[in-house]
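Engineer: Dumping the structure here so I can ask a few things about it.
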Amino acid sequence: MTAADYGPEGAHDLVGPRVLAGIQMINISRLSTHPVPITSRGLITVAGQGPSDSNGAGKSSFIAGLSLLHADDQWRLQSGAQAAAELLFTAELAGQESLHANADHGYLVGVFVPPGSHTVAELDADVLTVWLRVNRQAPHVELRWANRLHVAYGSTENDRASTADQLWADLPRSNGRTDLRANRLARTLYGTTVRCVSFLSTSVRASLTANLLAQPLNELTPERIFDAVGALTGLNREIDDEQKARQQEHQYAVDARQASEDYENWNSRMVAIEDTVRARQEARTLLAAARESWTSRCARSLVDGVAHDEELAAGLADLDLRRRELDDQLATADDDLARLSDDKTFEASYRTRVREHEQALAAAEELRTSHSHNVGQLEQLTARSRTLRETAAAADGRTLADSEAELRAARDAIRDAERHKGVTQQALLDARAALAAAERGEDVAVPQLQALRAAGLTGIPLIDAVTLDDAERPSWEARLLPYRQAVVVSDIAAAAAALVGIPGSLLVEADPGTAHTVDRFLKVLQDRAGATPQHTDADAGVHAITGFAEARTGRAGRIQTARDALSAASTADEAADDAIRAAKRARDRAADHAQAARAALEADRLDTQVAELRTTNTKLSGELDKVATQLARTKSGYETALGERNARDQRATAARTQRDTLRRELENLRAAAEEKTTERAALDLAQRRNAWTGTVAAAEHHLLTLDEAEQRRSITEWDDLCAYQTELARRTCFPAGTPDEQVPEELRVVDDQRRDRRAAAHLRLIPQVLRIVGGYLGELEDLDQQTVDQIHSERATRTRTLHSAETHLHEAQLASAALRATLATAIKAKLQRVALEFDNLDQAYGGYGASLDFPEPEPPADPQKPWQWTITPRWRRGEGKPLSSYRLRGNTAQMDDKAVKLVCAAALAGSHDRPLLLVLDELGRNLGSAHRRDAVALFENIGRDRAISVVGALQDDMERYAIGSSSLYIKLRRTSDAFPYNQAPVVIGSEPESARIALLTDWMNSYRP
């Protein structure tokens, strides 16, 4: 065998290609301390026998110990494997707290030998015994080993347990003065090779890893399938490496971002300071330009002011001359207007003529309105009268009283006909009901027949039991008349009892031996009859009057009688309907006659009104003729007065217009003179001379030194330019938002004064603004230069720091991308090996071929999230069929078969040609009873053929076929809760393994130091 590698960090891959040959557990749960032999390939089934079932025998603890001994990563070895302490014997859980104490430590002892050793000599030649001490307190796992057989021995449980501590002490420390602990367990024993993958579903499992066998394969997501395969192949470590690289890259990005933010924050402050300094420098330039413009503006103001003053003086002299002329013209116009306005005689005559004409017009209009209104009424009344005359023609000479009497008589006739209709209608309904009763046979003795039927007896009316011909009717209808409601029955006593609740019932007993024959009854009636047909009972003196139109005996006769009655009632009802319709027609005619009579009376009244209106209109026509003469006279006088008034008003209007025009011109002239006087005073030549501080000739000479555009610039343009340049210099030096305390107090006062534009202070105070701002800028000029130099120096230093952080980030990004590319290639290669093994296993064990889809995902932006890959299993569901996804619905057996093969394929791909231990808790828990046997057999076949040891804890119902399907069968036993520990386990090897199991058992039990 290859010797262990002792590198700089100590032992590495001690076990090498050796396989586990036996395991011994001391103070681990309630398990026995007996050494248990282990086969190197195939299926190892672990069954249990507790006090009532397999629970409580320690199966999960046994396989969990196996996984810890093989450094299963689920124990979180890098974190100290704290969960391993849960494997120790706990008295409270065992129900033995009154007799035993909790174990503060225990041992897992593993004996590893070459897989090809078949004799004791071969076993002793290259054996490695590994001891794991499991402590309840930290460190929870410690490692020692010996290159010899070194197991606890003794004939009893106590003997073996008592020697364990000494045997541990006899082993050399694995790490100098201390022992190796959980974080170096895997590397020391197995190097970088994964030797164990477990699917544990109990509390001893340290972490929740996807289990391909814990639920149907098609219920797992592709992400969970990759997690399970990654655990089997060791890809999880590579995913963790990628995440660590991404986290480091993220940290560099955070550092670079922080450096950038620090630089930006500092730079934003410095930029603000630089902007302030730059603004003051710009303000100095603007201030010089503003001062030059103000000098030129003062020169232009003085020269233009002197010239404008001379123009205003000449204009005032012209205005005074024109004012005197207008005063004379205005006096003449006032005299003319007064003469035209003061004429009282004309006004009185004018108002009289106008009033007379208006009165004549009103009288004529009133007469015409009354005449037109009467004409309209005449047309309406005449048309209404013609319509009423046409309606009155239908009265046929009847008066209104005659028509109304006729209408009342017609309405009375309708009421009488409707009352008669009610009688005939009820008779018709009664006749229909009688016919229906006769047709049903319920027209004679109905209550009696119903009561008999209810009692289960039969009977018929007597008149239905007798049939008479026309010759017999006169005599027999009279004799049977008293018995027309009688019922013929055969059981007289029962019938009488059934009819006891119907008083007045009459029964006739049928002839003996018959149901409805009454010959005896008829014979008696005949014997009692007298000489005449009407004399029905000579002894009693009874006489009956008959003579019915139809026969009274037999149902046919009664039905015919009912039909005749119905026909007569129907005829009478129809006649009543005809009478009602005739009465309503008579009522409608009478109503028309009454309406026509009323129309005749209304037409007479309207004719009288028409005659009165025509008389009135004749009178109105005469009055209109009289008013027309008077209106013609007043109209002539009105038109004459109106013409005189218009001519007089036109002359007065012309005179008034001339006067108003003169007044307006005079007022405008005075306003112009006042404006020129005010404008001349506003020129303030004294102030302009003071602002220039020189003579007019000097100002003119200064203007001649300006360029052509500046010479053409007006004083207003100079004012605007100076105000703009001054304000620009002031705002540049003190931008908007500058705190008041940073602005000179004198400047704040001047700013308040300049806001009053009505006093032109914004122009007058420009020299003060230029003086204050200039003094402020001069004081800060040296300080500004020092500040700029200091900022440039510090910016260079900070820029170098930022470039360094960005460089580190770039290098980390390149390293992370390179690592991710390398890992992606490695992951794909590993998954390709899994896919190849999956396909080989599927075709080798009853399938048609399988594959895996595993696209490369994008890394997540969150560094705390793993690089999540996915695996989608696919397989052929028939020979030559295309690959289909595992999501496609299939039978449960097929899903379980593929899950087992995928687990084995992943294990094989991650084993690196080293023996592999696959530990499964609750083997086949998700499988139906029909599939468990197949799964167990598949694990055995794959394990045997591919050098995999599959350890599975069995459920109770799988034990019956586990022995024959396993290379090794282990049954843990504890028959009573009174026992703190298990009894010796039952170990049975399959036929090919039985000899090796016996060899290993004897070899380990024979150990003595």
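Identifiers for the structure tokens are assigned positionally: chains receive A, B, ... in sequence, residues are indexed from 1 per chain, and ligands are indexed from 1 in the order shown.
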Show me, as JSON, numbers by chain, the residues that have an atom within 8 Å of A:Ala21 when counting only C-alpha atoms, minus same-chain residues fewer than 3 positions from it.
Structural biologist: {"A": [37, 38, 39, 40, 110, 111, 112, 113, 1000]}
Engineer: If we count only C-alpha atoms and set the cut-off at 10 Å, which residues sit around A:Val423, ignoring sequence neighbours fewer than 6 positions away in its own chain? Please answer as a compact mmCIF listing (two decimals) with N, CA and C atoms, in the first residue's frame.
Structural biologist:
# COMPACT_ATOMS: atom_id res chain seq x y z
N ALA A 569 -126.92 24.06 -21.44
CA ALA A 569 -126.27 25.13 -20.68
C ALA A 569 -125.35 25.94 -21.57
N ALA A 572 -127.42 28.33 -23.69
CA ALA A 572 -127.91 29.46 -22.91
C ALA A 572 -126.80 30.45 -22.62
N ASP A 573 -125.57 29.95 -22.38
CA ASP A 573 -124.44 30.84 -22.09
C ASP A 573 -124.06 31.67 -23.30
N ALA A 576 -126.48 34.44 -23.69
CA ALA A 576 -126.19 35.52 -22.73
C ALA A 576 -125.06 36.40 -23.24
Engineer: DSSP on the backbone: which residues in stretch 195-414 of chain A end up as strand (DSSP E)? Give the answer as a ChimeraX atom specification.
Structural biologist: /A:196-199
Engineer: According to DSSP computed on the backbone, where in stretch 818-994 of chain A is there alpha helix (DSSP H)? Give the residues as a PyMOL selection string.
Structural biologist: chain A and resi 818-844+892-910+929-946+959-965+994
Engineer: Determine, counting only C-alpha atoms, which protein, DNA and RNA residues have an atom within 8 Å of an atom of A:Ala182; residues of the same chain fewer than 4 positions away are not included. Present the result as a PDB file with N, CA and C atoms, in the first residue's frame.
Structural biologist:
ATOM      1  N   LEU A  77     -17.332  19.993   9.535  1.00  0.00           N
ATOM      2  CA  LEU A  77     -16.072  19.738  10.220  1.00  0.00           C
ATOM      3  C   LEU A  77     -15.260  21.021  10.389  1.00  0.00           C
ATOM      4  N   GLN A  78     -15.310  21.912   9.435  1.00  0.00           N
ATOM      5  CA  GLN A  78     -14.532  23.143   9.535  1.00  0.00           C
ATOM      6  C   GLN A  78     -15.012  24.033  10.675  1.00  0.00           C
ATOM      7  N   SER A  79     -16.242  23.801  11.123  1.00  0.00           N
ATOM      8  CA  SER A  79     -16.787  24.588  12.236  1.00  0.00           C
ATOM      9  C   SER A  79     -16.686  23.846  13.562  1.00  0.00           C
ATOM     10  N   GLY A  80     -16.014  22.702  13.593  1.00  0.00           N
ATOM     11  CA  GLY A  80     -15.818  21.982  14.838  1.00  0.00           C
ATOM     12  C   GLY A  80     -16.702  20.787  15.046  1.00  0.00           C
ATOM     13  N   ALA A  81     -17.635  20.512  14.121  1.00  0.00           N
ATOM     14  CA  ALA A  81     -18.515  19.334  14.200  1.00  0.00           C
ATOM     15  C   ALA A  81     -19.207  19.251  15.557  1.00  0.00           C
ATOM     16  N   HIS A 140     -14.970  18.871  20.080  1.00  0.00           N
ATOM     17  CA  HIS A 140     -15.952  17.800  19.993  1.00  0.00           C
ATOM     18  C   HIS A 140     -15.411  16.564  19.293  1.00  0.00           C
ATOM     19  N   VAL A 141     -14.406  16.694  18.462  1.00  0.00           N
ATOM     20  CA  VAL A 141     -13.835  15.544  17.752  1.00  0.00           C
ATOM     21  C   VAL A 141     -12.301  15.653  17.813  1.00  0.00           C
ATOM     22  N   GLU A 142     -11.656  14.549  18.213  1.00  0.00           N
ATOM     23  CA  GLU A 142     -10.195  14.475  18.227  1.00  0.00           C
ATOM     24  C   GLU A 142      -9.766  13.194  17.502  1.00  0.00           C
ATOM     25  N   LEU A 143      -8.597  13.215  16.868  1.00  0.00           N
ATOM     26  CA  LEU A 143      -8.157  12.109  16.008  1.00  0.00           C
ATOM     27  C   LEU A 143      -6.803  11.560  16.495  1.00  0.00           C
ATOM     28  N   ALA A 186     -10.755  15.440   7.558  1.00  0.00           N
ATOM     29  CA  ALA A 186     -10.907  14.954   6.181  1.00  0.00           C
ATOM     30  C   ALA A 186      -9.562  14.942   5.453  1.00  0.00           C
TER      31      ALA A 186
END
